[in-house]
$ cat structure-v7.pdb   # PDB, C-alpha atoms
ATOM      1  CA  MET O  68       0.000   0.000   0.000
ATOM      2  CA  GLU O  69       2.797   2.423   0.907
ATOM      3  CA  CYS O  70       4.644   1.638  -2.334
ATOM      4  CA  ARG O  71       1.476   2.357  -4.290
ATOM      5  CA  ARG O  72       1.047   5.740  -2.601
ATOM      6  CA  VAL O  73       4.651   6.673  -3.379
ATOM      7  CA  SER O  74       4.117   5.624  -6.999
ATOM      8  CA  ASN O  75       0.925   7.729  -7.197
ATOM      9  CA  LEU O  76       2.736  10.770  -5.807
ATOM     10  CA  ARG O  77       5.556  10.357  -8.336
ATOM     11  CA  ASN O  78       3.047  10.106 -11.172
ATOM     12  CA  LEU O  79       1.245  13.217  -9.916
ATOM     13  CA  LEU O  80       4.502  15.194  -9.710
ATOM     14  CA  GLN O  81       5.468  14.177 -13.233
ATOM     15  CA  ALA O  82       1.993  15.002 -14.516
ATOM     16  CA  GLY O  83       2.120  18.337 -12.703
ATOM     17  CA  LYS O  84       5.328  19.265 -14.520
ATOM     18  CA  ILE O  85       3.760  18.366 -17.863
ATOM     19  CA  VAL O  86       0.587  20.325 -17.077
ATOM     20  CA  VAL O  87       2.573  23.441 -16.103
ATOM     21  CA  LEU O  88       4.564  23.284 -19.341
ATOM     22  CA  LEU O  89       1.373  22.889 -21.375
ATOM     23  CA  ILE O  90      -0.565  25.583 -19.486
ATOM     24  CA  LEU O  91       1.968  28.361 -20.159
ATOM     25  CA  PRO O  92       1.175  28.648 -23.904
ATOM     26  CA  CYS O  93      -2.550  28.926 -23.049
ATOM     27  CA  LEU O  94      -1.879  31.826 -20.681
ATOM     28  CA  ASN O  95       0.195  33.666 -23.280
ATOM     29  CA  CYS O  96      -2.876  33.989 -25.499
ATOM     30  CA  SER O  97      -3.768  37.228 -23.696
ATOM     31  CA  ASN O  98      -1.030  38.881 -25.761
ATOM     32  CA  ILE O  99      -2.632  37.823 -29.049
ATOM     33  CA  ARG O 100      -5.142  39.994 -30.886
ATOM     34  CA  ALA O 101      -8.669  38.594 -31.042
ATOM     35  CA  GLN O 102      -8.773  38.165 -34.814
ATOM     36  CA  ASP O 103      -5.428  36.330 -34.963
ATOM     37  CA  SER O 104      -6.368  33.024 -33.337
ATOM     38  CA  GLN O 105      -8.902  30.435 -34.453
ATOM     39  CA  PHE O 106      -7.206  27.569 -32.582
ATOM     40  CA  LEU O 107      -8.342  26.839 -29.032
ATOM     41  CA  PRO O 108      -5.838  24.901 -26.863
ATOM     42  CA  GLU O 109      -6.936  23.490 -23.499
ATOM     43  CA  ILE O 110      -5.409  21.571 -20.589
ATOM     44  CA  ASP O 111      -7.560  19.732 -18.012
ATOM     45  CA  PHE O 112      -6.098  18.093 -14.901
ATOM     46  CA  ASN O 113      -8.365  15.778 -12.865
ATOM     47  CA  LEU O 114      -7.499  14.294  -9.471
ATOM     48  CA  THR O 115     -10.006  11.905  -7.883
ATOM     49  CA  LEU O 116      -9.755  12.072  -4.078
ATOM     50  CA  ASN O 117     -12.316   9.368  -3.245
ATOM     51  CA  SER O 118     -15.482   7.779  -4.621
ATOM     52  CA  HIS O 119     -17.449  11.042  -4.304
ATOM     53  CA  VAL O 120     -14.993  13.937  -4.737
ATOM     54  CA  ARG O 121     -12.725  15.067  -7.572
ATOM     55  CA  LEU O 122     -10.551  18.158  -8.008
ATOM     56  CA  TYR O 123     -10.317  19.746 -11.441
ATOM     57  CA  LEU O 124      -7.958  22.370 -12.898
ATOM     58  CA  GLU O 125      -8.715  23.977 -16.251
ATOM     59  CA  ALA O 126      -6.535  26.220 -18.407
ATOM     60  CA  LYS O 127      -7.710  27.139 -21.881
ATOM     61  CA  ASN O 128      -8.041  29.654 -24.661
ATOM     62  CA  ASP O 129     -11.766  29.947 -25.316
ATOM     63  CA  ARG O 130     -14.324  32.017 -27.191
ATOM     64  CA  GLU O 131     -17.516  30.402 -25.929
ATOM     65  CA  GLY O 132     -20.810  32.236 -26.039
ATOM     66  CA  GLY O 133     -19.519  35.125 -28.135
ATOM     67  CA  ASP O 134     -16.596  35.900 -25.810
ATOM     68  CA  PRO O 135     -13.570  37.719 -27.254
ATOM     69  CA  GLN O 136     -10.175  36.031 -27.458
ATOM     70  CA  GLN O 137      -9.307  35.238 -23.839
ATOM     71  CA  SER O 138      -7.414  32.887 -21.559
ATOM     72  CA  THR O 139      -9.170  31.138 -18.683
ATOM     73  CA  ILE O 140      -7.648  29.296 -15.737
ATOM     74  CA  GLY O 141      -9.028  28.055 -12.437
ATOM     75  CA  PRO O 142      -9.950  25.132 -10.175
ATOM     76  CA  SER O 143     -13.201  23.325  -9.437
ATOM     77  CA  ILE O 144     -14.437  20.731  -7.004
ATOM     78  CA  GLN O 145     -16.791  18.066  -8.323
ATOM     79  CA  LEU O 146     -19.138  15.982  -6.174
ATOM     80  CA  TYR O 147     -20.939  12.945  -7.526
ATOM     81  CA  LEU O 148     -23.048   9.914  -6.715
ATOM     82  CA  ARG O 149     -21.997   6.278  -6.912
ATOM     83  CA  PRO O 150     -21.544   4.889 -10.440
ATOM     84  CA  LEU O 151     -24.305   2.953 -12.163
ATOM     85  CA  ILE O 152     -23.466  -0.430 -13.682
ATOM     86  CA  LYS O 153     -25.156   0.447 -16.984
ATOM     87  CA  LEU O 154     -23.248   3.743 -17.197
ATOM     88  CA  LYS O 155     -19.962   1.982 -16.418
ATOM     89  CA  ARG O 156     -20.585  -0.376 -19.337
ATOM     90  CA  VAL O 157     -21.311   2.490 -21.737
ATOM     91  CA  THR O 158     -18.252   4.491 -20.611
ATOM     92  CA  VAL O 159     -15.797   1.631 -20.045
ATOM     93  CA  PHE O 160     -13.309   3.000 -22.616
ATOM     94  CA  ASP O 161     -13.549   6.644 -21.467
ATOM     95  CA  LEU O 162     -10.925   7.769 -18.926
ATOM     96  CA  ASP O 163     -13.383  10.243 -17.375
ATOM     97  CA  ASP O 164     -14.829   8.181 -14.504
ATOM     98  CA  ALA O 165     -17.370  10.946 -13.723
ATOM     99  CA  LYS O 166     -19.364   9.856 -16.789
ATOM    100  CA  ALA O 167     -20.290   6.658 -14.977
ATOM    101  CA  ARG O 168     -22.097   8.758 -12.332
ATOM    102  CA  PRO O 169     -25.747   9.700 -12.912
ATOM    103  CA  LEU O 170     -25.260  13.185 -11.417
ATOM    104  CA  VAL O 171     -22.170  15.415 -11.041
ATOM    105  CA  VAL O 172     -22.292  18.775  -9.240
ATOM    106  CA  GLU O 173     -19.446  21.252  -9.763
ATOM    107  CA  SER O 174     -18.444  24.505  -8.080
ATOM    108  CA  GLY O 175     -15.441  26.458  -9.329
ATOM    109  CA  TYR O 176     -13.614  29.728  -9.855
ATOM    110  CA  ARG O 177     -11.995  31.107 -13.013
ATOM    111  CA  ILE O 178      -9.648  34.006 -13.738
ATOM    112  CA  ILE O 179     -10.186  35.365 -17.247
ATOM    113  CA  LYS O 180      -7.744  37.589 -19.152
ATOM    114  CA  ALA O 181      -8.402  39.246 -22.499
ATOM    115  CA  PRO O 182      -6.280  41.716 -24.494
ATOM    116  CA  GLY O 183      -6.881  45.330 -23.439
ATOM    117  CA  ALA O 184      -9.489  44.442 -20.791
ATOM    118  CA  PRO O 185      -9.490  44.262 -16.966
ATOM    119  CA  VAL O 186      -9.160  40.836 -15.373
ATOM    120  CA  GLU O 187     -12.530  39.111 -15.029
ATOM    121  CA  ASN O 188     -13.481  36.855 -12.108
ATOM    122  CA  ARG O 189     -15.985  34.066 -12.657
ATOM    123  CA  ALA O 190     -17.830  31.736 -10.291
ATOM    124  CA  VAL O 191     -18.949  28.514 -11.972
ATOM    125  CA  GLU O 192     -21.881  26.406 -10.741
ATOM    126  CA  SER O 193     -23.107  23.400 -12.700
ATOM    127  CA  ALA O 194     -25.030  20.142 -12.525
ATOM    128  CA  THR O 195     -24.447  17.391 -15.099
ATOM    129  CA  ALA O 196     -26.638  14.343 -15.729
ATOM    130  CA  HIS O 197     -25.482  11.198 -17.564
ATOM    131  CA  ILE O 198     -28.092   8.958 -19.149
ATOM    132  CA  PRO O 199     -27.382   5.680 -21.017
ATOM    133  CA  LEU O 200     -29.421   5.332 -24.211
ATOM    134  CA  PHE O 201     -29.901   2.574 -26.784
ATOM    135  CA  LEU O 202     -26.968   1.219 -28.839
ATOM    136  CA  SER O 203     -24.485   2.142 -26.058
ATOM    137  CA  ILE O 204     -24.981   5.865 -26.676
ATOM    138  CA  LEU O 205     -24.338   8.200 -23.744
ATOM    139  CA  LEU O 206     -26.451  11.338 -23.306
ATOM    140  CA  THR O 207     -24.866  14.071 -21.176
ATOM    141  CA  GLU O 208     -26.767  17.210 -20.187
ATOM    142  CA  ARG O 209     -24.941  19.983 -18.341
ATOM    143  CA  ASN O 210     -26.757  22.948 -16.832
ATOM    144  CA  ARG O 211     -24.286  25.677 -15.906
ATOM    145  CA  VAL O 212     -24.397  29.232 -14.564
ATOM    146  CA  ASP O 213     -21.450  31.650 -14.919
ATOM    147  CA  LEU O 214     -21.378  34.581 -12.474
ATOM    148  CA  ASP O 215     -18.935  37.237 -13.758
ATOM    149  CA  TRP O 216     -17.361  40.272 -12.086
ATOM    150  CA  GLN O 217     -15.239  42.677 -14.129
ATOM    151  CA  GLY O 218     -14.371  45.955 -12.439
ATOM    152  CA  ASN O 219     -17.645  47.248 -10.985
ATOM    153  CA  THR O 220     -19.790  45.320 -13.473
ATOM    154  CA  PHE O 221     -21.636  42.084 -12.704
ATOM    155  CA  THR O 222     -23.151  39.867 -15.406
ATOM    156  CA  TRP O 223     -24.351  36.297 -15.548
ATOM    157  CA  ARG O 224     -25.189  33.727 -18.138
ATOM    158  CA  TYR O 225     -26.923  30.358 -18.284
ATOM    159  CA  ARG O 226     -25.734  27.633 -20.625
ATOM    160  CA  ASN O 227     -27.210  24.216 -21.381
ATOM    161  CA  LYS O 228     -24.910  21.732 -23.143
ATOM    162  CA  VAL O 229     -26.276  18.455 -24.520
ATOM    163  CA  THR O 230     -23.798  15.834 -25.778
ATOM    164  CA  LEU O 231     -24.250  12.489 -27.525
ATOM    165  CA  GLU O 232     -21.284  10.106 -27.706
ATOM    166  CA  ARG O 233     -20.496   6.465 -28.398
ATOM    167  CA  ALA O 234     -17.336   4.358 -28.386
ATOM    168  CA  PHE O 235     -16.333   2.559 -31.605
ATOM    169  CA  PRO O 236     -13.652  -0.140 -31.885
ATOM    170  CA  VAL O 237     -10.771   0.137 -34.335
ATOM    171  CA  HIS O 238      -9.003  -3.213 -33.984
ATOM    172  CA  SER O 239      -8.047  -3.281 -30.271
ATOM    173  CA  TYR O 240      -8.389   0.515 -29.863
ATOM    174  CA  HIS O 241     -11.591   2.400 -29.016
ATOM    175  CA  LEU O 242     -12.252   5.985 -30.074
ATOM    176  CA  ILE O 243     -15.232   8.007 -28.858
ATOM    177  CA  PRO O 244     -16.786  10.435 -31.384
ATOM    178  CA  TYR O 245     -19.379  12.919 -30.148
ATOM    179  CA  VAL O 246     -21.616  15.810 -31.136
ATOM    180  CA  ALA O 247     -22.844  18.576 -28.827
ATOM    181  CA  ALA O 248     -24.972  21.736 -28.795
ATOM    182  CA  GLU O 249     -24.873  24.542 -26.230
ATOM    183  CA  PRO O 250     -27.121  27.642 -26.251
ATOM    184  CA  PHE O 251     -26.238  30.642 -24.050
ATOM    185  CA  TYR O 252     -28.568  33.076 -22.300
ATOM    186  CA  GLU O 253     -26.653  36.319 -21.574
ATOM    187  CA  SER O 254     -27.899  38.762 -18.927
ATOM    188  CA  GLN O 255     -26.454  41.830 -20.678
ATOM    189  CA  TYR O 256     -28.487  41.069 -23.814
ATOM    190  CA  ARG O 257     -31.529  39.675 -21.950
ATOM    191  CA  LYS O 258     -31.934  36.908 -24.519
ATOM    192  CA  TRP O 259     -30.539  33.656 -25.879
ATOM    193  CA  SER O 260     -27.634  35.331 -27.611
ATOM    194  CA  SER O 261     -25.506  32.542 -29.074
ATOM    195  CA  THR O 262     -25.422  28.846 -29.867
ATOM    196  CA  ASP O 263     -22.287  26.701 -30.097
ATOM    197  CA  LEU O 264     -22.213  23.402 -32.011
ATOM    198  CA  TYR O 265     -19.411  20.869 -31.565
ATOM    199  CA  ALA O 266     -18.171  17.730 -33.313
ATOM    200  CA  GLY O 267     -15.159  15.921 -31.929
ATOM    201  CA  CYS O 268     -13.570  12.666 -30.854
ATOM    202  CA  LEU O 269     -12.097  11.495 -27.548
ATOM    203  CA  LEU O 270      -8.799   9.626 -27.979
ATOM    204  CA  PRO O 271      -7.602   7.755 -24.859
ATOM    205  CA  VAL O 272      -3.833   7.224 -24.632
ATOM    206  CA  GLY O 273      -2.814   4.849 -21.861
ATOM    207  CA  LYS O 274      -4.423   5.034 -18.421
ATOM    208  CA  HIS O 275      -3.985   8.723 -17.625
ATOM    209  CA  VAL O 276      -4.139  10.828 -20.815
ATOM    210  CA  GLN O 277      -6.983  11.524 -23.213
ATOM    211  CA  PHE O 278      -7.008  13.942 -26.161
ATOM    212  CA  ASN O 279     -10.090  15.758 -27.417
ATOM    213  CA  PRO O 280      -9.747  17.314 -30.890
ATOM    214  CA  TYR O 281     -12.931  19.082 -31.986
ATOM    215  CA  TYR O 282     -14.537  21.496 -34.416
ATOM    216  CA  GLU O 283     -16.754  24.314 -33.134
ATOM    217  CA  TYR O 284     -19.317  26.448 -34.957
ATOM    218  CA  GLU O 285     -20.817  29.459 -33.209
ATOM    219  CA  ASN O 286     -23.809  31.587 -34.192
ATOM    220  CA  ASP O 287     -23.503  34.832 -32.209
ATOM    221  CA  THR O 288     -26.632  37.022 -32.191
ATOM    222  CA  GLY O 289     -25.749  39.100 -29.115
ATOM    223  CA  LYS O 290     -24.858  42.217 -31.098
ATOM    224  CA  ALA O 291     -25.897  43.353 -34.547
ATOM    225  CA  PRO O 292     -24.970  42.194 -37.089
ATOM    226  CA  ASN O 293     -25.124  38.476 -36.350
ATOM    227  CA  ARG O 294     -21.785  36.708 -36.634
ATOM    228  CA  GLN O 295     -20.867  33.133 -37.520
ATOM    229  CA  LYS O 296     -17.529  31.864 -36.205
ATOM    230  CA  TYR O 297     -15.538  28.684 -36.768
ATOM    231  CA  TYR O 298     -12.868  27.198 -34.491
ATOM    232  CA  VAL O 299     -10.674  24.145 -34.128
ATOM    233  CA  GLY O 300      -9.781  23.062 -30.611
ATOM    234  CA  LEU O 301      -7.557  20.509 -28.907
ATOM    235  CA  ALA O 302      -7.880  19.571 -25.234
ATOM    236  CA  ALA O 303      -5.348  17.423 -23.380
ATOM    237  CA  GLN O 304      -7.039  15.744 -20.427
ATOM    238  CA  PHE O 305      -5.105  14.153 -17.542
ATOM    239  CA  TYR O 306      -6.731  11.757 -15.070
ATOM    240  CA  PHE O 307      -5.234  10.587 -11.777
ATOM    241  CA  SER O 308      -6.709   9.024  -8.664
ATOM    242  CA  LEU O 309      -5.661   8.612  -5.036
ATOM    243  CA  THR O 310      -7.967   5.605  -4.695
ATOM    244  CA  LYS O 311      -7.795   2.222  -6.370
ATOM    245  CA  ASN O 312     -11.462   2.166  -7.375
ATOM    246  CA  PRO O 313     -12.678   5.785  -7.765
TER     247      PRO O 313
END
$ encode --input "structure-v7.pdb" --output "structure tokens"
Amino acid sequence: MECRRVSNLRNLLQAGKIVVLLILPCLNCSNIRAQDSQFLPEIDFNLTLNSHVRLYLEAKNDREGGDPQQSTIGPSIQLYLRPLIKLKRVTVFDLDDAKARPLVVESGYRIIKAPGAPVENRAVESATAHIPLFLSILLTERNRVDLDWQGNTFTWRYRNKVTLERAFPVHSYHLIPYVAAEPFYESQYRKWSSTDLYAGCLLPVGKHVQFNPYYEYENDTGKAPNRQKYYVGLAAQFYFSLTKNP
């Protein structure tokens, strides 16, 4: 048992070094002009503490919901129920063990930097449901609220992301393609102001690393005239656990 703990700590330290090296380019995006970047890099670090609690660190360059070019970094704590056997079967090839839980609740904080703008502080609150469907398809619905403070201005937005995914075998390997849609309700516009559509594929590599290349289309109707935007993203996701059976 002691040897296993030492091995886990070594793996975490090595992963931490990798994450830091990968996060730095994401943070440098604040020095890039908004119209220069259509590529969205992202690093996610997940550490499962026990069967009900996981810590999560996110660093990314995002333009979700009509946002300008910006870098986002911050931690979250995720709480979830025990896994369901049917969900575990559907998600057996996915490294994200939270998908085997019927309900995941998340509370987090983000620091957001954009070129020529004050630093923005964001509180994140979300609840995510996982539902197994026919043909081993997984339905994920995330309801999320972002509470934003920038200077003396407070805004909020509600976002509802629905994802469909399924694992497919390629010889002995399993890839997980998915499609997703996420509309945004923005308080400053008092309406549903944008919709993001995604198509991507989860690519597990070993026991701790999973890549998520994706294509994103956004229809932004917050300000006139309406704008259509297209992005390509790549997320590197790291998964570690302090327990044998998270």
$ resolve_selection --input "structure-v7.pdb" --expression "the PyMOL selection byres ((chain O and resi 256-270) around 7)" --output "MDAnalysis selection string"
chainID O and resid 132:133 242:255 271:272 277:289
$ write_last_selection --input "structure-v7.pdb" --atoms "C-alpha atoms" --output "compact mmCIF listing (two decimals), keeping the file's coordinate frame"
# COMPACT_ATOMS: atom_id res chain seq x y z
CA GLY O 132 -20.81 32.24 -26.04
CA GLY O 133 -19.52 35.12 -28.14
CA LEU O 242 -12.25 5.98 -30.07
CA ILE O 243 -15.23 8.01 -28.86
CA PRO O 244 -16.79 10.44 -31.38
CA TYR O 245 -19.38 12.92 -30.15
CA VAL O 246 -21.62 15.81 -31.14
CA ALA O 247 -22.84 18.58 -28.83
CA ALA O 248 -24.97 21.74 -28.80
CA GLU O 249 -24.87 24.54 -26.23
CA PRO O 250 -27.12 27.64 -26.25
CA PHE O 251 -26.24 30.64 -24.05
CA TYR O 252 -28.57 33.08 -22.30
CA GLU O 253 -26.65 36.32 -21.57
CA SER O 254 -27.90 38.76 -18.93
CA GLN O 255 -26.45 41.83 -20.68
CA PRO O 271 -7.60 7.76 -24.86
CA VAL O 272 -3.83 7.22 -24.63
CA GLN O 277 -6.98 11.52 -23.21
CA PHE O 278 -7.01 13.94 -26.16
CA ASN O 279 -10.09 15.76 -27.42
CA PRO O 280 -9.75 17.31 -30.89
CA TYR O 281 -12.93 19.08 -31.99
CA TYR O 282 -14.54 21.50 -34.42
CA GLU O 283 -16.75 24.31 -33.13
CA TYR O 284 -19.32 26.45 -34.96
CA GLU O 285 -20.82 29.46 -33.21
CA ASN O 286 -23.81 31.59 -34.19
CA ASP O 287 -23.50 34.83 -32.21
CA THR O 288 -26.63 37.02 -32.19
CA GLY O 289 -25.75 39.10 -29.12
$ residues_around --input "structure-v7.pdb" --residues "O:Lys180" --least-positions-apart "4" --cutoff "8 Å" --atoms "only C-alpha atoms" --output "PyMOL selection string"
chain O and resi 97+137-139+184-187
$ resolve_selection --input "structure-v7.pdb" --expression "the PyMOL selection byres ((chain O and resi 305) around 7)" --output "ChimeraX atom specification"
/O:111-113,275-277,303-304,306-307
$ closest_residue --input "structure-v7.pdb" --among "O:Leu116, O:Pro199, O:Asp129, O:Phe235" --to "O:Ile152" --atoms "all atoms listed in the file"
O:Pro199
$ axis_aligned_box --input "structure-v7.pdb" --around "stretch 127-132 of chain O" --padding-each-side "5 Å" --output "AutoDock Vina command-line options"
--center_x -14.3 --center_y 29.7 --center_z -24.5 --size_x 23.1 --size_y 15.1 --size_z 15.3
$ residues_around --input "structure-v7.pdb" --residues "stretch 160-173 of chain O" --least-positions-apart "2" --cutoff "7 Å" --atoms "all atoms listed in the file" --output "list in words"
Ser143, Ile144, Gln145, Leu146, Tyr147, Leu148, Arg149, Pro150, Leu151, Leu154, Lys155, Thr158, Gly175, Glu192, Ser193, Ala194, Thr195, Ala196, His197, Ile198, His241, Pro271, Gln277 and Tyr306 of chain O
$ write_last_selection --input "structure-v7.pdb" --atoms "C-alpha atoms" --output "PDB file, in the coordinates of the input"
ATOM      1  CA  SER O 143     -13.201  23.325  -9.437  1.00  0.00           C
ATOM      2  CA  ILE O 144     -14.437  20.731  -7.004  1.00  0.00           C
ATOM      3  CA  GLN O 145     -16.791  18.066  -8.323  1.00  0.00           C
ATOM      4  CA  LEU O 146     -19.138  15.982  -6.174  1.00  0.00           C
ATOM      5  CA  TYR O 147     -20.939  12.945  -7.526  1.00  0.00           C
ATOM      6  CA  LEU O 148     -23.048   9.914  -6.715  1.00  0.00           C
ATOM      7  CA  ARG O 149     -21.997   6.278  -6.912  1.00  0.00           C
ATOM      8  CA  PRO O 150     -21.544   4.889 -10.440  1.00  0.00           C
ATOM      9  CA  LEU O 151     -24.305   2.953 -12.163  1.00  0.00           C
ATOM     10  CA  LEU O 154     -23.248   3.743 -17.197  1.00  0.00           C
ATOM     11  CA  LYS O 155     -19.962   1.982 -16.418  1.00  0.00           C
ATOM     12  CA  THR O 158     -18.252   4.491 -20.611  1.00  0.00           C
ATOM     13  CA  GLY O 175     -15.441  26.458  -9.329  1.00  0.00           C
ATOM     14  CA  GLU O 192     -21.881  26.406 -10.741  1.00  0.00           C
ATOM     15  CA  SER O 193     -23.107  23.400 -12.700  1.00  0.00           C
ATOM     16  CA  ALA O 194     -25.030  20.142 -12.525  1.00  0.00           C
ATOM     17  CA  THR O 195     -24.447  17.391 -15.099  1.00  0.00           C
ATOM     18  CA  ALA O 196     -26.638  14.343 -15.729  1.00  0.00           C
ATOM     19  CA  HIS O 197     -25.482  11.198 -17.564  1.00  0.00           C
ATOM     20  CA  ILE O 198     -28.092   8.958 -19.149  1.00  0.00           C
ATOM     21  CA  HIS O 241     -11.591   2.400 -29.016  1.00  0.00           C
ATOM     22  CA  PRO O 271      -7.602   7.755 -24.859  1.00  0.00           C
ATOM     23  CA  GLN O 277      -6.983  11.524 -23.213  1.00  0.00           C
ATOM     24  CA  TYR O 306      -6.731  11.757 -15.070  1.00  0.00           C
TER      25      TYR O 306
END
$ atom_distance --input "structure-v7.pdb" --atom1 "atom CA of O:Gly141" --atom2 "atom CA of O:Trp223"
17.7 Å
$ residues_around --input "structure-v7.pdb" --residues "O:Glu109" --least-positions-apart "2" --cutoff "9 Å" --atoms "all atoms listed in the file" --output "PyMOL selection string"
chain O and resi 89-90+93+107+111+125-129+300-304
$ atom_distance --input "structure-v7.pdb" --atom1 "atom CA of O:Tyr176" --atom2 "atom CA of O:Gln217"
13.7 Å
$ atom_distance --input "structure-v7.pdb" --atom1 "atom CA of O:Thr220" --atom2 "atom CA of O:Ala291"
22.0 Å
$ closest_residue --input "structure-v7.pdb" --among "O:Thr230, O:Tyr225, O:Arg130, O:Phe201" --to "O:Ala181" --atoms "all atoms listed in the file"
O:Arg130
